[in-house]
$ cat my_file04.cif   # mmCIF, C-alpha atoms and all ligand atoms
data_upload
#
loop_
_atom_site.label_atom_id
_atom_site.label_comp_id
_atom_site.auth_asym_id
_atom_site.auth_seq_id
_atom_site.Cartn_x
_atom_site.Cartn_y
_atom_site.Cartn_z
CA MET A 102 -30.97 -13.03 -110.54
CA PHE A 103 -33.33 -10.08 -110.17
CA LYS A 104 -36.87 -10.65 -109.19
CA ALA A 105 -38.68 -8.05 -111.24
CA LYS A 106 -41.38 -7.80 -108.54
CA ASN A 107 -39.12 -7.00 -105.66
CA LEU A 108 -36.59 -4.44 -106.78
CA SER A 109 -35.01 -2.10 -104.28
CA PRO A 110 -33.58 1.19 -105.68
CA GLN A 111 -30.04 -0.23 -105.27
CA LYS A 112 -30.89 -3.34 -107.25
CA LEU A 113 -32.66 -1.30 -109.88
CA ALA A 114 -29.66 1.05 -110.22
CA GLY A 115 -27.24 -1.91 -110.34
CA PHE A 116 -29.29 -3.65 -113.00
CA THR A 117 -29.54 -0.53 -115.16
CA ALA A 118 -25.82 0.21 -114.77
CA LEU A 119 -25.03 -3.38 -115.75
CA VAL A 120 -27.11 -3.14 -118.94
CA LEU A 121 -25.51 0.21 -119.75
CA SER A 122 -22.01 -1.21 -119.18
CA ALA A 123 -22.79 -4.18 -121.42
CA ILE A 124 -23.85 -1.83 -124.24
CA ILE A 125 -20.74 0.32 -123.74
CA SER A 126 -18.48 -2.73 -123.72
CA LEU A 127 -20.01 -3.96 -126.99
CA ALA A 128 -19.63 -0.47 -128.51
CA CYS A 129 -15.98 -0.21 -127.36
CA LEU A 130 -15.15 -3.61 -128.82
CA ALA A 131 -16.99 -2.74 -132.03
CA PHE A 132 -14.91 0.43 -132.34
CA GLY A 133 -11.80 -1.67 -131.92
CA LEU A 134 -10.70 -0.50 -128.47
CA GLY A 135 -8.40 -2.81 -126.57
CA TRP A 136 -9.50 -5.00 -123.63
CA LYS A 137 -7.86 -2.68 -121.11
CA GLU A 138 -9.54 0.47 -122.40
CA THR A 139 -12.85 -1.37 -122.71
CA GLY A 140 -12.51 -2.61 -119.11
CA ILE A 141 -11.86 0.93 -117.84
CA ALA A 142 -14.79 2.34 -119.85
CA VAL A 143 -17.10 -0.38 -118.56
CA ALA A 144 -16.02 0.18 -114.94
CA ILE A 145 -16.50 3.94 -115.24
CA THR A 146 -19.90 3.49 -116.94
CA PHE A 147 -21.01 0.99 -114.31
CA LEU A 148 -20.01 3.16 -111.35
CA ALA A 149 -21.22 6.44 -112.85
CA GLY A 150 -24.45 4.83 -114.09
CA TYR A 151 -25.10 3.16 -110.76
CA TYR A 152 -24.65 6.28 -108.62
CA LEU A 153 -26.33 8.60 -111.11
CA TYR A 154 -29.36 6.36 -111.42
CA LEU A 155 -29.56 5.78 -107.68
CA TYR A 156 -29.33 9.50 -107.04
CA THR A 157 -32.05 10.26 -109.64
CA LEU A 158 -34.32 7.60 -108.20
CA GLN A 159 -33.94 8.89 -104.69
CA GLN A 160 -34.33 12.50 -105.69
CA PHE A 161 -37.35 12.12 -107.92
CA ILE A 162 -39.16 9.05 -106.75
CA TYR A 163 -38.36 8.81 -103.07
CA ARG A 164 -39.05 12.47 -102.57
CA LYS A 165 -42.57 11.79 -103.80
CA ILE A 166 -42.84 8.62 -101.71
CA LYS A 167 -41.62 10.50 -98.65
CA LEU A 168 -44.48 12.90 -99.22
CA ILE A 169 -46.91 9.99 -99.39
CA TYR A 170 -45.61 8.62 -96.08
CA LYS A 171 -45.79 12.07 -94.56
CA PHE A 172 -49.43 12.13 -95.54
CA ILE A 173 -50.14 8.56 -94.42
CA TYR A 174 -48.54 8.85 -91.00
CA GLN A 175 -49.29 12.56 -90.69
CA THR A 176 -45.81 13.00 -89.27
CA LYS A 177 -44.29 16.27 -88.34
CA ALA A 178 -40.56 16.84 -88.88
CA SER A 179 -39.12 14.88 -86.03
CA LYS A 180 -36.13 12.72 -85.22
CA ARG A 181 -38.29 9.65 -85.76
CA GLU A 182 -39.24 10.84 -89.23
CA ASP A 183 -35.60 11.59 -90.07
CA PHE A 184 -34.60 8.12 -88.96
CA PHE A 185 -37.41 6.57 -91.01
CA ASN A 186 -36.47 8.57 -94.13
CA LYS A 187 -32.77 7.81 -93.84
CA ASN A 188 -32.74 4.23 -92.67
CA ILE A 189 -36.03 2.52 -93.39
CA LEU A 190 -37.52 4.15 -96.48
CA PRO A 191 -34.55 3.52 -98.82
CA LEU A 192 -34.71 -0.21 -98.01
CA LYS A 193 -38.36 -0.46 -98.93
CA THR A 194 -39.22 -1.89 -102.31
CA ILE A 195 -41.89 -0.25 -104.44
CA GLU A 196 -44.12 -3.27 -103.65
CA GLU A 197 -43.69 -2.70 -99.92
CA VAL A 198 -44.57 0.96 -100.39
CA SER A 199 -47.65 -0.06 -102.33
CA GLU A 200 -48.58 -2.56 -99.57
CA ASP A 201 -48.24 0.21 -96.98
CA VAL A 202 -50.46 2.49 -99.02
CA GLU A 203 -53.07 -0.26 -99.49
CA LYS A 204 -53.00 -1.01 -95.75
CA TRP A 205 -53.48 2.67 -95.02
CA ALA A 206 -56.32 2.90 -97.54
CA SER A 207 -58.19 -0.06 -96.05
CA GLN A 208 -57.70 1.35 -92.55
CA LYS A 209 -59.18 4.66 -93.70
CA LYS A 210 -62.06 2.82 -95.36
CA GLU A 211 -62.82 1.05 -92.11
CA GLU A 212 -62.70 4.37 -90.22
CA LEU A 213 -65.09 5.88 -92.75
CA GLU A 214 -67.50 2.95 -92.42
CA ASN A 215 -67.36 3.33 -88.66
CA LEU A 216 -68.18 7.01 -88.95
CA ARG A 217 -71.03 6.27 -91.33
CA ARG A 218 -72.39 3.60 -88.97
CA ASN A 219 -72.18 6.01 -86.03
CA GLU A 220 -73.93 8.66 -88.05
CA ALA A 221 -76.76 6.24 -88.91
CA PHE A 222 -76.91 5.20 -85.26
CA ARG A 223 -77.12 8.86 -84.16
CA LYS A 224 -79.89 9.59 -86.66
CA GLU A 225 -81.88 6.56 -85.53
CA PHE A 226 -81.39 7.53 -81.89
CA LEU A 227 -82.66 11.08 -82.52
CA LEU A 228 -85.65 9.75 -84.42
CA ASN A 229 -86.50 7.33 -81.61
CA LEU A 230 -85.94 9.97 -78.99
CA SER A 231 -88.26 12.53 -80.57
CA HIS A 232 -90.89 9.82 -80.95
CA GLU A 233 -90.52 8.74 -77.31
CA LEU A 234 -90.84 12.36 -76.15
CA LYS A 235 -93.69 13.20 -78.47
CA THR A 236 -96.01 10.43 -77.33
CA PRO A 237 -96.41 11.44 -73.65
CA ILE A 238 -96.25 15.19 -74.39
CA PHE A 239 -99.07 14.98 -76.94
CA ALA A 240 -101.10 12.83 -74.54
CA VAL A 241 -100.72 15.40 -71.73
CA GLN A 242 -101.55 18.23 -74.15
CA GLY A 243 -104.71 16.37 -75.25
CA TYR A 244 -105.94 15.77 -71.69
CA ILE A 245 -105.29 19.37 -70.57
CA HIS A 246 -107.00 20.89 -73.62
CA THR A 247 -110.00 18.61 -73.16
CA LEU A 248 -110.22 19.56 -69.49
CA LEU A 249 -109.98 23.28 -70.32
CA ASP A 250 -112.59 22.90 -73.03
CA GLY A 251 -115.13 21.89 -70.40
CA ALA A 252 -114.33 18.37 -69.24
CA VAL A 253 -113.06 19.83 -65.96
CA GLU A 254 -116.70 20.35 -64.97
CA ASP A 255 -117.60 16.74 -65.81
CA PRO A 256 -117.08 14.66 -62.66
CA SER A 257 -117.30 11.41 -64.63
CA VAL A 258 -114.05 12.10 -66.54
CA ASN A 259 -112.15 14.99 -64.92
CA LYS A 260 -110.24 12.90 -62.34
CA MET A 261 -109.51 10.17 -64.86
CA PHE A 262 -108.07 12.68 -67.37
CA LEU A 263 -105.89 14.23 -64.68
CA ARG A 264 -104.68 10.78 -63.60
CA ASN A 265 -103.83 9.90 -67.20
CA ALA A 266 -101.98 13.20 -67.66
CA THR A 267 -99.98 12.48 -64.49
CA LYS A 268 -99.16 8.98 -65.72
CA ASN A 269 -97.70 10.47 -68.89
CA ILE A 270 -95.74 13.10 -66.97
CA ASP A 271 -94.30 10.33 -64.77
CA ARG A 272 -93.29 8.49 -67.92
CA LEU A 273 -91.56 11.59 -69.24
CA CYS A 274 -89.65 11.95 -65.96
CA ARG A 275 -88.55 8.31 -66.10
CA LEU A 276 -87.42 8.80 -69.68
CA ILE A 277 -85.41 11.91 -68.78
CA ASP A 278 -83.80 10.11 -65.82
CA ASP A 279 -82.84 7.14 -68.00
CA LEU A 280 -81.53 9.44 -70.74
CA ASP A 281 -79.46 11.30 -68.19
CA GLU A 282 -78.03 8.03 -66.92
CA ILE A 283 -77.27 6.69 -70.39
CA SER A 284 -75.59 9.90 -71.57
CA LYS A 285 -73.41 9.90 -68.46
CA LEU A 286 -72.49 6.28 -69.16
CA GLU A 287 -71.78 6.90 -72.83
CA SER A 288 -69.70 10.03 -72.33
CA GLY A 289 -67.49 8.10 -69.92
CA GLU A 290 -68.34 10.65 -67.23
CA MET A 291 -69.34 7.90 -64.87
CA THR A 292 -66.62 6.53 -62.63
CA ILE A 293 -66.71 3.02 -61.26
CA ASN A 294 -65.93 2.84 -57.55
CA LYS A 295 -65.31 -0.79 -56.77
CA GLU A 296 -65.64 -2.27 -53.30
CA PRO A 297 -66.09 -5.80 -51.98
CA PHE A 298 -69.64 -6.79 -51.00
CA VAL A 299 -71.81 -9.87 -50.70
CA ILE A 300 -73.91 -10.12 -53.86
CA GLN A 301 -76.73 -12.09 -52.16
CA ASP A 302 -77.23 -9.22 -49.64
CA LEU A 303 -77.64 -6.73 -52.48
CA ILE A 304 -80.06 -9.04 -54.32
CA ARG A 305 -82.18 -9.39 -51.14
CA ASP A 306 -82.16 -5.57 -50.79
CA VAL A 307 -83.45 -5.17 -54.34
CA PHE A 308 -86.07 -7.90 -53.76
CA ASP A 309 -87.30 -5.82 -50.78
CA THR A 310 -87.38 -2.59 -52.81
CA LEU A 311 -89.49 -4.22 -55.51
CA SER A 312 -91.67 -6.36 -53.25
CA ILE A 313 -94.77 -4.15 -53.63
CA LYS A 314 -94.63 -4.40 -57.43
CA ALA A 315 -94.14 -8.17 -57.19
CA ARG A 316 -97.06 -8.58 -54.80
CA GLN A 317 -99.38 -6.86 -57.29
CA LYS A 318 -98.77 -9.79 -59.64
CA ASP A 319 -98.27 -12.42 -56.96
CA ILE A 320 -94.74 -13.01 -58.16
CA LYS A 321 -92.38 -14.75 -55.75
CA PHE A 322 -88.76 -13.66 -55.41
CA SER A 323 -86.11 -16.11 -54.28
CA ILE A 324 -82.45 -17.04 -54.38
CA LYS A 325 -81.90 -20.45 -55.95
CA LYS A 326 -81.36 -23.33 -53.56
CA GLY A 327 -77.67 -24.08 -53.24
CA CYS A 328 -76.70 -20.49 -54.12
CA GLU A 329 -77.25 -19.01 -50.65
CA ALA A 330 -73.65 -19.22 -49.40
CA PRO A 331 -72.39 -15.61 -49.36
CA VAL A 332 -70.28 -14.73 -52.41
CA LEU A 333 -68.06 -11.65 -52.22
CA VAL A 334 -67.80 -9.65 -55.43
CA TYR A 335 -65.62 -6.64 -56.23
CA ALA A 336 -67.72 -4.04 -58.08
CA ASP A 337 -69.48 -0.68 -57.83
CA LYS A 338 -72.29 -1.58 -55.43
CA GLU A 339 -74.67 1.24 -56.38
CA LYS A 340 -74.25 0.63 -60.12
CA ILE A 341 -74.82 -3.11 -59.67
CA ARG A 342 -77.90 -2.25 -57.59
CA GLN A 343 -79.16 -0.36 -60.68
CA VAL A 344 -78.44 -3.42 -62.86
CA LEU A 345 -80.34 -5.70 -60.49
CA ILE A 346 -83.25 -3.25 -60.17
CA ASN A 347 -83.62 -3.04 -63.96
CA LEU A 348 -83.40 -6.82 -64.48
CA ILE A 349 -85.64 -7.78 -61.56
CA GLU A 350 -88.15 -5.03 -62.39
CA ASN A 351 -88.32 -6.40 -65.95
CA SER A 352 -88.86 -9.90 -64.59
CA VAL A 353 -91.97 -8.53 -62.88
CA LYS A 354 -93.10 -6.26 -65.73
CA TYR A 355 -92.86 -9.10 -68.25
CA GLY A 356 -93.68 -11.79 -65.70
CA LYS A 357 -96.92 -13.74 -65.50
CA GLN A 358 -99.40 -13.64 -62.65
CA GLU A 359 -98.22 -15.94 -59.80
CA GLY A 360 -94.87 -16.36 -61.48
CA GLN A 361 -91.38 -16.58 -60.03
CA THR A 362 -88.15 -14.63 -60.22
CA ILE A 363 -85.11 -16.61 -59.19
CA ALA A 364 -81.59 -15.25 -58.70
CA SER A 365 -78.67 -17.69 -59.04
CA ILE A 366 -75.07 -16.99 -58.12
CA TYR A 367 -72.16 -19.13 -59.28
CA ASN A 368 -68.52 -18.72 -58.42
CA MET A 369 -66.98 -19.74 -61.74
CA ASP A 370 -63.24 -20.12 -61.22
CA GLY A 371 -62.47 -18.12 -58.12
CA ARG A 372 -62.02 -15.02 -60.26
CA THR A 373 -65.42 -14.53 -61.89
CA VAL A 374 -68.92 -14.69 -60.44
CA LEU A 375 -71.95 -15.33 -62.65
CA VAL A 376 -75.25 -13.77 -61.53
CA GLU A 377 -78.44 -14.92 -63.27
CA ILE A 378 -81.94 -13.49 -62.97
CA SER A 379 -84.54 -15.94 -64.31
CA ASP A 380 -88.26 -15.46 -64.65
CA THR A 381 -91.27 -17.51 -65.69
CA GLY A 382 -92.68 -14.67 -67.79
CA ILE A 383 -93.77 -14.08 -71.35
CA GLY A 384 -90.25 -14.63 -72.75
CA MET A 385 -88.90 -13.39 -76.08
CA ALA A 386 -88.56 -14.92 -79.52
CA GLU A 387 -85.06 -15.87 -80.65
CA GLU A 388 -84.85 -13.07 -83.26
CA HIS A 389 -85.15 -10.35 -80.60
CA LEU A 390 -82.36 -11.61 -78.36
CA PRO A 391 -79.38 -10.02 -80.17
CA ARG A 392 -81.12 -6.62 -80.10
CA VAL A 393 -82.73 -6.27 -76.67
CA PHE A 394 -79.73 -4.38 -75.27
CA GLU A 395 -80.09 -1.64 -77.92
CA ARG A 396 -81.51 1.71 -76.87
CA PHE A 397 -85.30 1.87 -77.36
CA TYR A 398 -85.52 -1.69 -78.68
CA ARG A 399 -88.66 -3.46 -77.51
CA THR A 400 -90.18 -6.77 -78.53
CA ASP A 401 -93.62 -5.26 -78.11
CA ARG A 402 -93.66 -1.46 -78.17
CA ALA A 403 -97.25 -1.03 -77.01
CA ARG A 404 -96.96 -3.47 -74.12
CA SER A 405 -93.70 -1.90 -72.90
CA ARG A 406 -95.21 1.60 -72.97
CA ASP A 407 -98.38 0.43 -71.24
CA ILE A 408 -96.39 -0.87 -68.32
CA GLY A 409 -94.25 2.24 -68.14
CA GLY A 410 -91.11 1.07 -69.93
CA THR A 411 -88.68 3.58 -71.41
CA GLY A 412 -86.85 1.07 -73.61
CA LEU A 413 -83.55 2.13 -72.05
CA GLY A 414 -83.35 -0.21 -69.05
CA LEU A 415 -81.34 -2.99 -70.67
CA ALA A 416 -79.09 -0.53 -72.55
CA ILE A 417 -78.17 0.97 -69.15
CA VAL A 418 -77.59 -2.51 -67.70
CA LYS A 419 -75.24 -3.42 -70.56
CA HIS A 420 -73.29 -0.17 -70.22
CA ILE A 421 -72.77 -0.67 -66.48
CA VAL A 422 -71.71 -4.31 -66.83
CA GLU A 423 -69.31 -3.45 -69.67
CA ALA A 424 -67.89 -0.49 -67.74
CA HIS A 425 -66.86 -3.13 -65.17
CA GLY A 426 -65.07 -5.00 -67.98
CA GLN A 427 -67.64 -7.81 -67.72
CA ALA A 428 -70.27 -9.33 -70.02
CA ILE A 429 -74.03 -9.86 -70.11
CA ASN A 430 -76.17 -12.28 -72.07
CA VAL A 431 -79.75 -13.47 -72.33
CA ARG A 432 -81.55 -16.73 -72.97
CA SER A 433 -85.29 -16.83 -73.48
CA LYS A 434 -88.24 -18.86 -74.73
CA VAL A 435 -91.64 -17.45 -75.59
CA GLU A 436 -94.21 -18.28 -72.88
CA ILE A 437 -91.57 -20.10 -70.79
CA GLY A 438 -89.43 -17.25 -69.47
CA SER A 439 -86.12 -15.41 -69.70
CA THR A 440 -82.74 -15.58 -68.00
CA PHE A 441 -80.38 -12.62 -67.97
CA GLY A 442 -76.86 -13.51 -66.83
CA PHE A 443 -73.96 -11.17 -66.15
CA THR A 444 -70.48 -11.69 -64.75
CA LEU A 445 -68.70 -9.82 -61.96
CA GLU A 446 -65.19 -9.90 -60.61
CA ALA A 447 -64.88 -12.07 -57.49
CA ALA A 448 -63.38 -10.26 -54.52
CA ARG A 449 -60.14 -11.67 -53.17
CA GLU A 450 -60.87 -12.73 -49.63
CA ALA A 451 -58.55 -11.13 -47.09
P1 LIG A 501 -88.43 -1.40 -71.23
O1 LIG A 501 -88.39 -0.09 -70.55
O2 LIG A 501 -89.27 -1.39 -72.47
O3 LIG A 501 -88.72 -2.53 -70.33
P2 LIG A 501 -85.78 -2.51 -71.44
O4 LIG A 501 -84.56 -1.97 -72.09
O5 LIG A 501 -85.71 -2.79 -69.97
O6 LIG A 501 -86.94 -1.53 -71.80
O7 LIG A 501 -86.15 -3.85 -72.20
C1 LIG A 501 -86.21 -3.86 -73.60
C2 LIG A 501 -87.24 -4.86 -74.09
O8 LIG A 501 -86.79 -6.19 -73.82
C3 LIG A 501 -88.59 -4.75 -73.40
O9 LIG A 501 -89.40 -3.79 -74.02
C4 LIG A 501 -89.14 -6.16 -73.55
O10 LIG A 501 -89.73 -6.29 -74.83
C5 LIG A 501 -87.90 -7.02 -73.49
N1 LIG A 501 -87.64 -7.61 -72.15
C6 LIG A 501 -86.80 -7.14 -71.22
N2 LIG A 501 -86.78 -7.93 -70.12
C7 LIG A 501 -87.64 -8.92 -70.38
C8 LIG A 501 -88.08 -10.08 -69.64
N3 LIG A 501 -87.63 -10.36 -68.43
N4 LIG A 501 -89.00 -10.91 -70.23
C9 LIG A 501 -89.47 -10.64 -71.47
N5 LIG A 501 -89.10 -9.56 -72.23
C10 LIG A 501 -88.21 -8.74 -71.68
#
$ encode --input "my_file04.cif" --output "structure tokens"
Amino acid sequence: MFKAKNLSPQKLAGFTALVLSAIISLACLAFGLGWKETGIAVAITFLAGYYLYLYTLQQFIYRKIKLIYKFIYQTKASKREDFFNKNILPLKTIEEVSEDVEKWASQKKEELENLRRNEAFRKEFLLNLSHELKTPIFAVQGYIHTLLDGAVEDPSVNKMFLRNATKNIDRLCRLIDDLDEISKLESGEMTINKEPFVIQDLIRDVFDTLSIKARQKDIKFSIKKGCEAPVLVYADKEKIRQVLINLIENSVKYGKQEGQTIASIYNMDGRTVLVEISDTGIGMAEEHLPRVFERFYRTDRARSRDIGGTGLGLAIVKHIVEAHGQAINVRSKVEIGSTFGFTLEAAREA
């Protein structure tokens, strides 16, 4: 009749009162009381036992449980709390209370793990950052000290040292700019101002901006055949310009001499547009792909630094695309090339 595992306070009180009444009835009969008197004694014992036990349970146990719930939900005295205490809590079985506590505990554990992960992430970021700052600063310091120590008079090295110092200062400036951008993106300070525009026009603009860099490596920019028909997207034009600059600049930086960078645009289902930037460059091994969007992650640290990379370009790209509620991915093969693809919202044509 009673499932021992699922007892509500009412059931528990009823069960206890029943056992008590049974004992009393046996005692009454043993002492030779009549059926009527025994019946009255049993009824009184049952009712008194039931209410007394229920009252004790609620006073002593539920008061403690109420405190637990107060702690779990961090409630302040409110109408909602009153309603919960009066109408919901008394119906809960001890097992349900224990389930609630376990659920709360696992939620807290998850929160703690999240905090710990964030803390590790923050430490790693700081470590990377100080390393990224140290390298160019120490290089500049070295060149300037050498120049002051006499190299300034040596025409065979003085200009070269100054040029190298400038290169490192430029790198520092790029790093600060990227850091500024990424902290704005991460603090949610950046607002997205969407407008309709033709994505091919923006891609051609970026191709023009980067044409000098491409020419230095004889890399050809083009829009894939069949993808020229203008596609209207609804996004923040300047932020998407930044995305395209970073991706297309990478396609040149990690591209091979006389290579190609091809942009493809696909209207997926009338609501989403897929933009892909493919190159015929050095590519990346499979194991790097899940991590290339992390801050300061590089497949080849030395090569990236040599060509002026800050290691933040793709992290910025990912932030911008995700701030649009869209996604980015990458496919790549070593020595064959890479394709970065991201989605955008299609603009509804008027
Ligand atoms: P970086 O400033 O180093 O270029 P990014 O965040 O733009 O930083 O890119 C991270 C890393 O991903 C690069 O260091 C490089 O190793 C790799 N990578 C990015 N784009 C390409 C590409 N098109 N081809 C090959 N490797 C790439």
$ closest_atom_pairs --input "my_file04.cif" --of "chain A" --to "ligand LIG 501 (chain A)" --cutoff "8 Å" --atoms "all atoms listed in the file" --output "CSV"
residue,atom,partner,partner_atom,distance
A:Asn347,CA,A:LIG501,O5,6.4
A:Leu348,CA,A:LIG501,N2,6.7
A:Ile349,CA,A:LIG501,N3,7.6
A:Asn351,CA,A:LIG501,N2,4.7
A:Ser352,CA,A:LIG501,N3,4.1
A:Val353,CA,A:LIG501,N3,7.3
A:Lys354,CA,A:LIG501,N3,7.3
A:Tyr355,CA,A:LIG501,N4,4.7
A:Gly356,CA,A:LIG501,N4,6.6
A:Ser379,CA,A:LIG501,N3,7.6
A:Asp380,CA,A:LIG501,N3,6.4
A:Gly382,CA,A:LIG501,N4,5.8
A:Ile383,CA,A:LIG501,C9,5.5
A:Gly384,CA,A:LIG501,C9,4.3
A:Met385,CA,A:LIG501,C9,5.4
A:Val393,CA,A:LIG501,O8,5.0
A:Phe394,CA,A:LIG501,O4,6.3
A:Glu395,CA,A:LIG501,O4,7.4
A:Arg396,CA,A:LIG501,O4,6.8
A:Phe397,CA,A:LIG501,O4,6.6
A:Tyr398,CA,A:LIG501,C1,5.6
A:Arg399,CA,A:LIG501,O9,3.6
A:Thr400,CA,A:LIG501,O10,3.8
A:Asp401,CA,A:LIG501,O10,5.2
A:Arg402,CA,A:LIG501,O9,6.4
A:Arg404,CA,A:LIG501,O9,7.6
A:Ser405,CA,A:LIG501,O2,4.5
A:Arg406,CA,A:LIG501,O2,6.7
A:Gly409,CA,A:LIG501,O1,6.8
A:Gly410,CA,A:LIG501,O1,3.0
A:Thr411,CA,A:LIG501,O1,3.8
A:Gly412,CA,A:LIG501,O6,3.2
A:Leu413,CA,A:LIG501,O4,4.2
A:Gly414,CA,A:LIG501,O5,3.6
A:Leu415,CA,A:LIG501,O4,3.7
A:Ala416,CA,A:LIG501,O4,5.7
A:Ile417,CA,A:LIG501,O4,7.6
A:Ser433,CA,A:LIG501,N4,7.7
A:Gly438,CA,A:LIG501,N4,6.4
A:Ser439,CA,A:LIG501,N4,5.4
A:Thr440,CA,A:LIG501,N3,7.2
A:Phe441,CA,A:LIG501,N3,7.6
$ residues_around --input "my_file04.cif" --residues "Glu296 (chain A)" --least-positions-apart "4" --cutoff "9 Å" --atoms "only C-alpha atoms" --output "JSON, numbers by chain"
{"A": [334, 335, 336, 337, 338, 448]}
$ closest_residue --input "my_file04.cif" --among "A:Ile408, A:Val299, A:Ala118, A:Leu390" --to "Lys314 (chain A)" --atoms "all atoms listed in the file"
A:Ile408
$ residues_around --input "my_file04.cif" --residues "Gly371 (chain A)" --least-positions-apart "5" --cutoff "12 Å" --atoms "all atoms listed in the file" --output "count of residues only"
9
$ atom_distance --input "my_file04.cif" --atom1 "CA of Arg272 (chain A)" --atom2 "CA of Ile346 (chain A)"
17.3 Å
$ residues_around --input "my_file04.cif" --residues "Gln358 (chain A)" --least-positions-apart "5" --cutoff "10 Å" --atoms "all atoms listed in the file" --output "count of residues only"
10
$ atom_distance --input "my_file04.cif" --atom1 "CA of Asp302 (chain A)" --atom2 "CA of Ile429 (chain A)"
20.7 Å
$ decode --input "my_file04.cif" --residues "region 398-410 of chain A" --atoms "N, CA, C and O atoms" --output "mmCIF file, in the first residue's frame"
data_model
loop_
_atom_site.group_PDB
_atom_site.id
_atom_site.type_symbol
_atom_site.label_atom_id
_atom_site.label_comp_id
_atom_site.auth_asym_id
_atom_site.auth_seq_id
_atom_site.Cartn_x
_atom_site.Cartn_y
_atom_site.Cartn_z
ATOM 1 N N TYR A 398 46.502 31.383 -31.461
ATOM 2 C CA TYR A 398 46.873 30.042 -31.942
ATOM 3 C C TYR A 398 47.448 30.161 -33.353
ATOM 4 O O TYR A 398 46.867 30.799 -34.221
ATOM 5 N N ARG A 399 48.591 29.570 -33.555
ATOM 6 C CA ARG A 399 49.193 29.550 -34.893
ATOM 7 C C ARG A 399 49.694 28.153 -35.190
ATOM 8 O O ARG A 399 50.145 27.454 -34.286
ATOM 9 N N THR A 400 49.644 27.767 -36.477
ATOM 10 C CA THR A 400 50.158 26.437 -36.818
ATOM 11 C C THR A 400 51.686 26.501 -36.846
ATOM 12 O O THR A 400 52.355 25.519 -36.615
ATOM 13 N N ASP A 401 52.191 27.673 -37.156
ATOM 14 C CA ASP A 401 53.646 27.832 -37.211
ATOM 15 C C ASP A 401 53.971 29.232 -36.683
ATOM 16 O O ASP A 401 53.864 30.223 -37.405
ATOM 17 N N ARG A 402 54.328 29.277 -35.411
ATOM 18 C CA ARG A 402 54.522 30.553 -34.714
ATOM 19 C C ARG A 402 55.534 31.458 -35.442
ATOM 20 O O ARG A 402 55.277 32.627 -35.699
ATOM 21 N N ALA A 403 56.677 30.860 -35.801
ATOM 22 C CA ALA A 403 57.754 31.662 -36.374
ATOM 23 C C ALA A 403 57.328 32.253 -37.709
ATOM 24 O O ALA A 403 57.526 33.433 -37.977
ATOM 25 N N ARG A 404 56.669 31.401 -38.537
ATOM 26 C CA ARG A 404 56.287 31.865 -39.864
ATOM 27 C C ARG A 404 55.260 32.998 -39.748
ATOM 28 O O ARG A 404 55.355 34.023 -40.399
ATOM 29 N N SER A 405 54.288 32.822 -38.832
ATOM 30 C CA SER A 405 53.249 33.846 -38.663
ATOM 31 C C SER A 405 53.876 35.177 -38.247
ATOM 32 O O SER A 405 53.530 36.232 -38.765
ATOM 33 N N ARG A 406 54.826 35.107 -37.290
ATOM 34 C CA ARG A 406 55.462 36.348 -36.820
ATOM 35 C C ARG A 406 56.261 37.000 -37.929
ATOM 36 O O ARG A 406 56.231 38.212 -38.109
ATOM 37 N N ASP A 407 56.988 36.143 -38.694
ATOM 38 C CA ASP A 407 57.815 36.672 -39.778
ATOM 39 C C ASP A 407 57.007 37.487 -40.753
ATOM 40 O O ASP A 407 57.465 38.490 -41.279
ATOM 41 N N ILE A 408 55.765 37.002 -41.017
ATOM 42 C CA ILE A 408 54.969 37.721 -42.009
ATOM 43 C C ILE A 408 54.012 38.704 -41.350
ATOM 44 O O ILE A 408 53.055 39.155 -41.955
ATOM 45 N N GLY A 409 54.302 39.018 -40.091
ATOM 46 C CA GLY A 409 53.578 40.112 -39.441
ATOM 47 C C GLY A 409 52.258 39.747 -38.820
ATOM 48 O O GLY A 409 51.430 40.609 -38.566
ATOM 49 N N GLY A 410 52.035 38.459 -38.564
ATOM 50 C CA GLY A 410 50.753 38.044 -37.971
ATOM 51 C C GLY A 410 50.698 38.326 -36.478
ATOM 52 O O GLY A 410 51.703 38.274 -35.782
#
